[in-house]
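Some notes on the structure that comes next.
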Amino acid sequence: MLAAPVATPPRTFASPVPLTRFVGRETEVSALLSLLSRTRLVSLVGPGGSGKTRLAGVIHDRWAAESADTWWVPLAHLNRPAQLTAAVADVLGVAEVPGRSLPDLVAARLRHSTGLLVLDNCEHLVASCAALAGDLLRAAPGLRVVTTSREPLAVAGETTWPVRGLSLSADLAAPAAADLAGSQAVQLFTDRARLVQPAFAVTDANAADVARLCRRLDGMPLVLELAAARLRVLPLPRIIEWLDDAMSLLVTTNRDVPPRQATLRATLDWSHDLLPAPERELFARLSVFRGGFTVADATAVAGAGAPALETLDLLTRLVDKSLVQAHTNADEERYSLLEVIRQYAAERLGDQRPALSAAHARYMVELAEQAERELGTAQQRPWLDRLHDDHGNLRAALSWARTHDSGLGVRLAGALGRYWRLSGQYAEGRQWLQAATASVPGDHAAPGELAKALTALGTLEFLQCEYRAAADRLRRARDLYEAAGDDRGVAAALQRLGGIAREQGRYPEAWACHEEVLAVWHRLGEPVGMARELQGMGFTAWLEGDYARSAELCADAVRRFRELGDTEGAAGAQIHLAVAICRGGDPDAALPLLWECLAIADGGGLLESSAWVNEQLALIAVARGERTEAATLLRRSLAVQVELGDRWRTAVVLDEFAGICADAGTGARLLAAAERLRKEIGTPLSPADRAAHEERVRAVRAALSRADWERATTEGRALTLEQAVALATAEPVAPAARPPRSELSVRAFGRSAVDVNGRTLSLQDWTYAKPRELLYYLLTKPSSTKAEIGLALWPEASNSELRNSFHTCLKALRKAVGEAATVRFTGGTYRLEPIGALHYDVAEFQAAAGDESAGIEALTAAAERYPGDFLADMPVGGWAESHRAELRREYEYVLRRLGGRLAKQQRFTEAADVFARLVAHDPLLEAGHRALIRCYAALGEQGRALRQYDELVRLLDVHLGTRPAPETTELHTRLRERHRAA
């Protein structure tokens, strides 16, 4: 007979006792604890420094608070697979027994356990850990295992949980301290900074630097801690300056830190040293990319001639080992390296760097030139998205070309001109184009390529009202084109010169340019050029007040653009068409045209078009007496005009703001500020705007004495542009004809409903069902791309069908919620933004459920916020299923915590009610039945407890074909014996 395993007193191998506060990830902790109630093997996978061990330690400690059976096995110090089982046995307190293998003894020790075993740092023993975890889970049906590793174990039943950087704040140009409050990365940096500078705080003065640092470091906890430690000797701005050499900067002098975590380089060495040679080589070459890449990109630039499938295989292995991040959208998977990992990889390029950088720059030129051809077609949106995705790569290529191949830089910058215009990146585009055209020697760029770059530069300067500089560039470009015999180029430059004449009020000169350019396009048979010129002519006509001619020209341009599949061109021409129709006396006919253009502009990230539409909608609102709505629309327009640097339209909007100000003195200041700005840039009032302007002047002057008018006018002329904009956007307006909608209440649990200012929206308000579903989708998945939304709501739609369906749906959603919320398009994604208060029952429930310190009262309130499943009464797509399941798990976790706390206080009647709700919520949750049985037993209701067990047996048999776990069976046996004894 074999001896039983000897259980010696266990050694102290609890999770490492942290000396710093755990910051962030509370939602992840709750979700993981809930996940462990259903899944037996969870692997926390992420790159070095992502916080896997700390997160696992919190899971271990929270589990230990509910159960004594928890074990923590550190593996980083092991250097041979053969040591693994002994390390686990040591922690379990299992001694060797003659005649029995150690793995069998460990399995026997855990056979009846329902505890949690944590294996920390598995990556260097991944195969052995996979085998051991599989053996133990098969031997011990109630056991749970959590591993931390830089790659998954890749065994059956494993749930992989990616551990990424902490959450970042929104990427704002000038954030205030309040904008950073929700960022977990900022919270961690602040907490660790106070260890070396106790008075450190995030203020409005340093918020931009803190946000920049956290973003540059991708929110990685270890790296943030190392950066915070540097505050001992460096001010925050200097630390940011050094981030380009993060490997040297990010070290610690703390003596109690493991060597592999003492420096960022040592942390990454741990992963790099485990890579086979082919993976090391690709890893180093991928450092040439900035911001991301596709498999095709990696193959072409970094693949060293290998086929795409071979590159994909190596790339997949690097993703598995957390050195490369994978990002999937509906169309394509992109990859990236975290910035600090990219710098580490770049150190290993050696003498490959020059050739690789050149290959990367040439590849970016080919990409930009292909995108340029597609931006005037129906494929505009995907190609804008692609260039957005490759923004970092394009910048890197432009930067390299400035010092290594100026001709290539001119070619790349010229190819990106339309992209910078469409995406509203006027200032950045000008910087790159100025640098490219100024640094290129005459023989380093073809005349046509230089002319193209000069045309792009002149266009962006024109759009920012730098008319003199723009005209000089465009004339130089025209001369180069003429010398090369390039009529198309001559027409393009002349077209922009005509635009300058139009904005400066030189209408005869503008018409002469229009006629000459149209004749060239007609002679060349160039349909795109003809459509653009007709649009320009229509614009000039409405500025002159000839609305009938403008409508005719613009309608022709819209038709031609649509035939060409040029969405941006059609939207621009349609805006001018709507303005001509509205000013011609039919605003009701103009409104749907403007709403359609706004949907296209917001959906495509076309900032200039969006600003134009919001301004025109504001003027219609003013005419209808809806001044509050008009002010909202003008603020949106003004913000974009200022961002773009379009001072011509900024002056127009300031003038329009003057007409709706509640204070006449402020109106006078804005009129004067707008007049000074027009004089500064050399643009007179257009005939189309003159009558409305004069009416504003009359109204404001009538409300003021002569002295007050003159004083306010003098003050207005002295305002800077920033001061004038601030004055306009802060000034109250006269009361609106109808109150604004400022409160949005959304219910998704149980009976769903949407209320705006206390009124429940009906199907008639929504127009049809899809806009309502889109609202719930955007609340569930904020910052979604159009492709993601389309896949969820219109999975069978073609690209053209999706475009039409999405824009129509978005328009109906905006109309339904009115001024209570808006849908913003920023950074390639859509987000629902409340204008006033937003009450969303799901968000309120999750906030309450995620509070791990919540007591009985708070948990009871959280449970009451869940009257039924998510959107159970509403037909929605499959996207809702995963969220519904997640919310069910969170609700289950709330009930388990609430019932457990009540039971600990011996409030068994209340606890039984909670566990009964839990069982009704999930009849197959054995832990819920077991807790309910214990409550009945504690109340002395032995028979009821036994009947509950019988019900559990029946449910498990019918639905799963299994029996209760040993822990439940043992409980039943004890209760039955006690019942018989009674």
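By convention in this document, the chains of the structure tokens carry letters A, B, ... by their order, each chain's residues are numbered from 1, and ligands are numbered from 1 in the order they are shown.
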Would you list the contacts of region 627-631 of chain A as a list in words, taking every protein, DNA or RNA residue within 6 Å and counting only C-alpha atoms, but skipping same-chain residues closer than 3 positions in sequence?
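Once the adjacent positions are removed, what remains is Ala618, Ala621, Val622, Leu634 and Ala736 of chain A.
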If you run DSSP over the backbone, which residues in region 336-419 of chain A end up alpha helix (DSSP H)? Put them as number ranges by chain.
A: 339-346, 353-374, 380-389, 391-404, 406-415, 417-419
Can you pull out every residue within 10 Å of Lys815 (chain A), counting only C-alpha atoms, but drop anything in the same chain fewer than 5 positions away, and send it as a PyMOL selection string?
chain A and resi 595+765-767+771+809-810+821-822
Find the residues near region 940-950 of chain A: any atom within 12 Å, counting only C-alpha atoms, skip ones fewer than 3 places away on the same chain, and give them as a ChimeraX atom specification.
/A:908-909,912,915-916,919,923,926-937,953-957,963-965,968-982
Need to verify the contact set: region 842-847 of chain A, 9 Å, only C-alpha atoms, exclusion of same-chain residues closer than 5 positions in sequence. Can you return it as number ranges by chain?
A: 27, 746-749, 779-780, 861-866, 870, 887, 890-891
Taking 3 positions as the minimum chain separation for residues in the same chain, which residues sit within 9 Å of region 525-541 of chain A when counting only C-alpha atoms? Answer as number ranges by chain.
A: 376, 488, 491-492, 495, 498-499, 502-503, 507, 510-511, 514-515, 517-522, 544-561, 564, 566, 569, 572-574, 576-577, 580
Compile the contact shell of Leu35 (chain A) as a list of chain:residue names: residues with an atom at most 10 Å away, counting only C-alpha atoms, same-chain residues fewer than 3 positions apart removed.
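In the requested form, the answer reads A:Val29, A:Ser30, A:Ala31, A:Leu32, A:Arg38, A:Thr39, A:Arg40, A:Leu41, A:Val42, A:Thr159, A:Glu886, A:Arg889, A:Glu890, A:Tyr893.
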Store the residues of this selection in a file with C-alpha atoms, as an mmCIF file, in the first residue's frame.
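Result saved to part35.cif:
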data_model
loop_
_atom_site.group_PDB
_atom_site.id
_atom_site.type_symbol
_atom_site.label_atom_id
_atom_site.label_comp_id
_atom_site.auth_asym_id
_atom_site.auth_seq_id
_atom_site.Cartn_x
_atom_site.Cartn_y
_atom_site.Cartn_z
ATOM 1 C CA VAL A 29 -10.071 43.030 -11.069
ATOM 2 C CA SER A 30 -13.851 42.714 -10.787
ATOM 3 C CA ALA A 31 -14.132 41.194 -14.251
ATOM 4 C CA LEU A 32 -11.320 38.707 -13.573
ATOM 5 C CA ARG A 38 -16.691 30.304 -14.715
ATOM 6 C CA THR A 39 -13.216 29.702 -16.126
ATOM 7 C CA ARG A 40 -10.583 27.552 -14.500
ATOM 8 C CA LEU A 41 -7.435 28.755 -16.270
ATOM 9 C CA VAL A 42 -6.765 32.453 -16.851
ATOM 10 C CA THR A 159 -8.676 32.199 -21.273
ATOM 11 C CA GLU A 886 -20.545 40.778 -19.335
ATOM 12 C CA ARG A 889 -21.447 38.418 -14.877
ATOM 13 C CA GLU A 890 -21.041 41.765 -13.126
ATOM 14 C CA TYR A 893 -20.559 39.197 -8.858
#
Name the closest residue to Thr785 (chain A) among the candidates A:Gly51, A:Ala65, A:Ala302, A:Thr829; distances are taken between atoms, counting only C-alpha atoms.
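Going through A:Gly51, A:Ala65, A:Ala302, A:Thr829 one by one, the smallest distance to Thr785 (chain A) is for A:Thr829.
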Nearest-residue call for Glu26 (chain A), choices A:Ala87, A:Ala177, A:Ala371, A:Leu166, using only C-alpha atoms
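Between A:Ala87, A:Ala177, A:Ala371, A:Leu166, the residue approaching Glu26 (chain A) most closely is A:Leu166.
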Find, counting only C-alpha atoms, the residue in A:Asn121, A:Ser783, A:Thr147, A:Thr666 that gets nearest to Gly716 (chain A).
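Closest to Gly716 (chain A) of all the choices is A:Thr666.
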Within region 66-272 of chain A, find each residue whose DSSP state, derived from the backbone, is strand (DSSP E), and express the selection as a VMD selection string.
chain A and resid 70 to 74 94 to 95 116 to 120 144 to 149 158 to 162
Using only C-alpha atoms, pick whichever of A:Pro687, A:Gly165, A:Pro141, A:Gly877 has the shortest atom-to-atom distance to Cys214 (chain A).
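So, comparing all the options, the nearest one is A:Gly165.
Between CA of Gly836 (chain A) and CA of Ala820 (chain A) the interatomic distance comes to 6.0 Å.
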Interatomic distance between CA of Gly429 (chain A) and CA of Val652 (chain A)?
24.5 Å
The residue from A:Ala201, A:His959, A:Ala308, A:Asp90 with the smallest atom-to-atom distance to Leu105 (chain A), counting only C-alpha atoms, is A:Asp90
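Counting only C-alpha atoms and comparing A:Leu671, A:Leu312, A:Ala170, A:Val145, the residue that lies closest to Gly157 (chain A) is A:Val145.
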